[in-house]
Amino acid sequence: MFDIIYSLEMIGVIAFAISGMIAARRQNMDPVGVFTIGFVTALGGGTLRDLMMDNHPLYWIKHQEQPIFILVMAIIFSYWHPMGRIRESRIVLPDAIGLGVFSILGAQLALDLGHSWFIASLLGVMTGTFGGALRDTLCNEVPFIFRKDQVYASISFAGCWLYFLCQWLQVSEPLALGIGLIFIVVVRLLAVRFDIRLQRDPHHS
């Protein structure tokens with residue numbers, strides 16, 4: 001089980017780091033900026049989760065290979081020219097993957113530490129959305145979670161509760177994790193593709 005969790009964690013770190021680095025390159029940041037944005041995007045949500053649950057040492061301090069890997073990625077992004085030509089629109093897929101992975105793993109860890117489903121769902125949403133919010137704020141953008149034209153946190157929240165439902169139905173833990181994760185990723189991508197919103201702007205056509 002640990003291997004599955006760790007593998008998913010690394011997928012989330014890589015995906016969110018990529019989304020952060022795409023955003024940093026769009027802002028013409030230097031390698032330090034690219035690393036910083038990639039770091040806070042990938043590890044910001046987990047850091048907030050661990051601090052709120054008083055879970056020490058922080059996950060990335062315990063697993064130093066994660067920030068080291070992000071540093072290597074930042075160097076590649078900064079000096080390998082094809083990376084600099086990645087279009088801004090490509091941020092959506094890695095961001096959706098990061099949102100799915102960290103929402104579900106945040107909720108799963110909260111349950112393991114004895115929290116209720118409701119508290120675990122809130123911690124899952126925080127874990128999944130905080131890194132992206134930091135990324136957008138540092139890049140002088142309105143975070144996805146606060147935009148009227150984006151369905152974001154509600155997808156994370158629904159995915160966490162789908163994961164809990166699978167657990168209640170006694171679905172195996174790896175399958176439950178996968179169902180919740182895939183739901184968040186797919187629904188997030190569909191929401192972007194078909195411009196699905198929780199609230200319609202009356203002036204939007």
# chains A, B, ... in the order shown; residues from 1 in each chain; ligands from 1
call {"tool": "select_by_dssp", "arguments": {"residues": "chain A", "states": "alpha helix (DSSP H)", "output": "PyMOL selection string"}}
result
chain A and resi 2-26+31-52+59-62+65-79+81-84+92-112+117-138+153-168+173-193
call {"tool": "residues_around", "arguments": {"residues": "Thr41 in chain A", "least_positions_apart": "6", "cutoff": "9 Å", "atoms": "only C-alpha atoms", "output": "PyMOL selection string"}}
result
chain A and resi 13+16-21+130-136
call {"tool": "write_last_selection", "arguments": {"atoms": "all heavy atoms", "output": "short mmCIF file (atom, residue, chain, number, x, y, z; two decimals), in the first residue's frame"}}
result
data_model
loop_
_atom_site.label_atom_id
_atom_site.label_comp_id
_atom_site.auth_asym_id
_atom_site.auth_seq_id
_atom_site.Cartn_x
_atom_site.Cartn_y
_atom_site.Cartn_z
N VAL A 13 3.49 15.33 -7.48
CA VAL A 13 4.60 16.29 -7.38
C VAL A 13 5.09 16.69 -8.76
O VAL A 13 5.26 17.88 -9.07
CB VAL A 13 5.76 15.69 -6.55
CG1 VAL A 13 7.04 16.50 -6.72
CG2 VAL A 13 5.38 15.63 -5.07
N PHE A 16 2.22 18.79 -10.67
CA PHE A 16 2.06 20.15 -10.17
C PHE A 16 3.32 20.98 -10.42
O PHE A 16 3.24 22.18 -10.71
CB PHE A 16 1.72 20.14 -8.69
CG PHE A 16 0.27 20.44 -8.41
CD1 PHE A 16 -0.31 20.09 -7.19
CD2 PHE A 16 -0.54 21.07 -9.34
CE1 PHE A 16 -1.64 20.36 -6.90
CE2 PHE A 16 -1.88 21.34 -9.07
CZ PHE A 16 -2.43 20.99 -7.86
N ALA A 17 4.50 20.36 -10.29
CA ALA A 17 5.74 21.08 -10.56
C ALA A 17 5.78 21.55 -12.01
O ALA A 17 6.18 22.68 -12.30
CB ALA A 17 6.95 20.19 -10.24
N ILE A 18 5.36 20.68 -12.92
CA ILE A 18 5.33 21.05 -14.34
C ILE A 18 4.39 22.23 -14.56
O ILE A 18 4.73 23.19 -15.26
CB ILE A 18 4.90 19.85 -15.21
CG1 ILE A 18 6.02 18.81 -15.25
CG2 ILE A 18 4.54 20.30 -16.63
CD1 ILE A 18 5.62 17.52 -15.93
N SER A 19 3.20 22.19 -13.93
CA SER A 19 2.26 23.29 -14.11
C SER A 19 2.85 24.59 -13.57
O SER A 19 2.67 25.66 -14.16
CB SER A 19 0.92 22.97 -13.42
OG SER A 19 0.99 23.13 -12.02
N GLY A 20 3.55 24.50 -12.45
CA GLY A 20 4.18 25.69 -11.89
C GLY A 20 5.29 26.23 -12.78
O GLY A 20 5.42 27.46 -12.96
N MET A 21 6.07 25.35 -13.34
CA MET A 21 7.19 25.78 -14.18
C MET A 21 6.70 26.37 -15.50
O MET A 21 7.30 27.30 -16.02
CB MET A 21 8.15 24.61 -14.40
CG MET A 21 8.89 24.24 -13.13
SD MET A 21 9.92 22.77 -13.29
CE MET A 21 10.29 22.46 -11.55
N PHE A 130 -4.22 24.31 -2.70
CA PHE A 130 -3.38 25.38 -2.15
C PHE A 130 -2.13 25.62 -2.98
O PHE A 130 -1.71 26.77 -3.18
CB PHE A 130 -3.00 25.06 -0.70
CG PHE A 130 -2.32 26.20 0.01
CD1 PHE A 130 -3.00 27.38 0.27
CD2 PHE A 130 -1.00 26.08 0.42
CE1 PHE A 130 -2.37 28.43 0.92
CE2 PHE A 130 -0.37 27.12 1.08
CZ PHE A 130 -1.05 28.30 1.33
N GLY A 131 -1.50 24.55 -3.48
CA GLY A 131 -0.30 24.74 -4.29
C GLY A 131 -0.58 25.54 -5.55
O GLY A 131 0.17 26.44 -5.92
N GLY A 132 -1.70 25.21 -6.23
CA GLY A 132 -2.08 25.95 -7.43
C GLY A 132 -2.42 27.39 -7.13
O GLY A 132 -2.13 28.29 -7.92
N ALA A 133 -3.04 27.62 -5.95
CA ALA A 133 -3.37 28.99 -5.56
C ALA A 133 -2.10 29.80 -5.33
O ALA A 133 -2.00 30.98 -5.73
CB ALA A 133 -4.23 28.99 -4.30
N LEU A 134 -1.09 29.20 -4.70
CA LEU A 134 0.19 29.87 -4.51
C LEU A 134 0.85 30.17 -5.85
O LEU A 134 1.38 31.26 -6.07
CB LEU A 134 1.12 29.01 -3.65
CG LEU A 134 0.82 28.93 -2.15
CD1 LEU A 134 1.77 27.93 -1.50
CD2 LEU A 134 0.98 30.30 -1.51
N ARG A 135 0.82 29.19 -6.74
CA ARG A 135 1.40 29.37 -8.08
C ARG A 135 0.80 30.57 -8.79
O ARG A 135 1.51 31.46 -9.27
CB ARG A 135 1.15 28.10 -8.91
CG ARG A 135 1.55 28.20 -10.39
CD ARG A 135 0.87 27.11 -11.20
NE ARG A 135 -0.59 27.28 -11.23
CZ ARG A 135 -1.46 26.27 -11.23
NH1 ARG A 135 -1.03 25.02 -11.21
NH2 ARG A 135 -2.75 26.52 -11.26
N ASP A 136 -0.53 30.61 -8.84
CA ASP A 136 -1.21 31.69 -9.56
C ASP A 136 -0.98 33.04 -8.90
O ASP A 136 -0.77 34.05 -9.57
CB ASP A 136 -2.70 31.38 -9.66
CG ASP A 136 -2.98 30.12 -10.47
OD1 ASP A 136 -2.11 29.73 -11.27
OD2 ASP A 136 -4.06 29.54 -10.30
#
call {"tool": "residues_around", "arguments": {"residues": "range 119-128 of chain A", "least_positions_apart": "6", "cutoff": "12 Å", "atoms": "only C-alpha atoms", "output": "PyMOL selection string"}}
result
chain A and resi 9+12-13+15-16+40-53+95-113+134+144-145+152-165+180-181+184-185
call {"tool": "residues_around", "arguments": {"residues": "Tyr79 in chain A", "least_positions_apart": "6", "cutoff": "12 Å", "atoms": "only C-alpha atoms", "output": "VMD selection string"}}
result
chain A and resid 25 30 to 31 34 72 to 73 85
call {"tool": "write_last_selection", "arguments": {"atoms": "C-alpha atoms", "output": "PDB file, in the first residue's frame"}}
result
ATOM      1  CA  ARG A  25       8.351  30.425 -17.814  1.00  0.00           C
ATOM      2  CA  ASP A  30      14.938  33.016 -14.080  1.00  0.00           C
ATOM      3  CA  PRO A  31      15.918  29.487 -12.921  1.00  0.00           C
ATOM      4  CA  VAL A  34      11.164  28.530 -11.995  1.00  0.00           C
ATOM      5  CA  VAL A  72      16.502  19.007 -11.501  1.00  0.00           C
ATOM      6  CA  MET A  73      13.237  19.648 -13.348  1.00  0.00           C
ATOM      7  CA  ARG A  85       8.046  26.753 -25.966  1.00  0.00           C
TER       8      ARG A  85
END
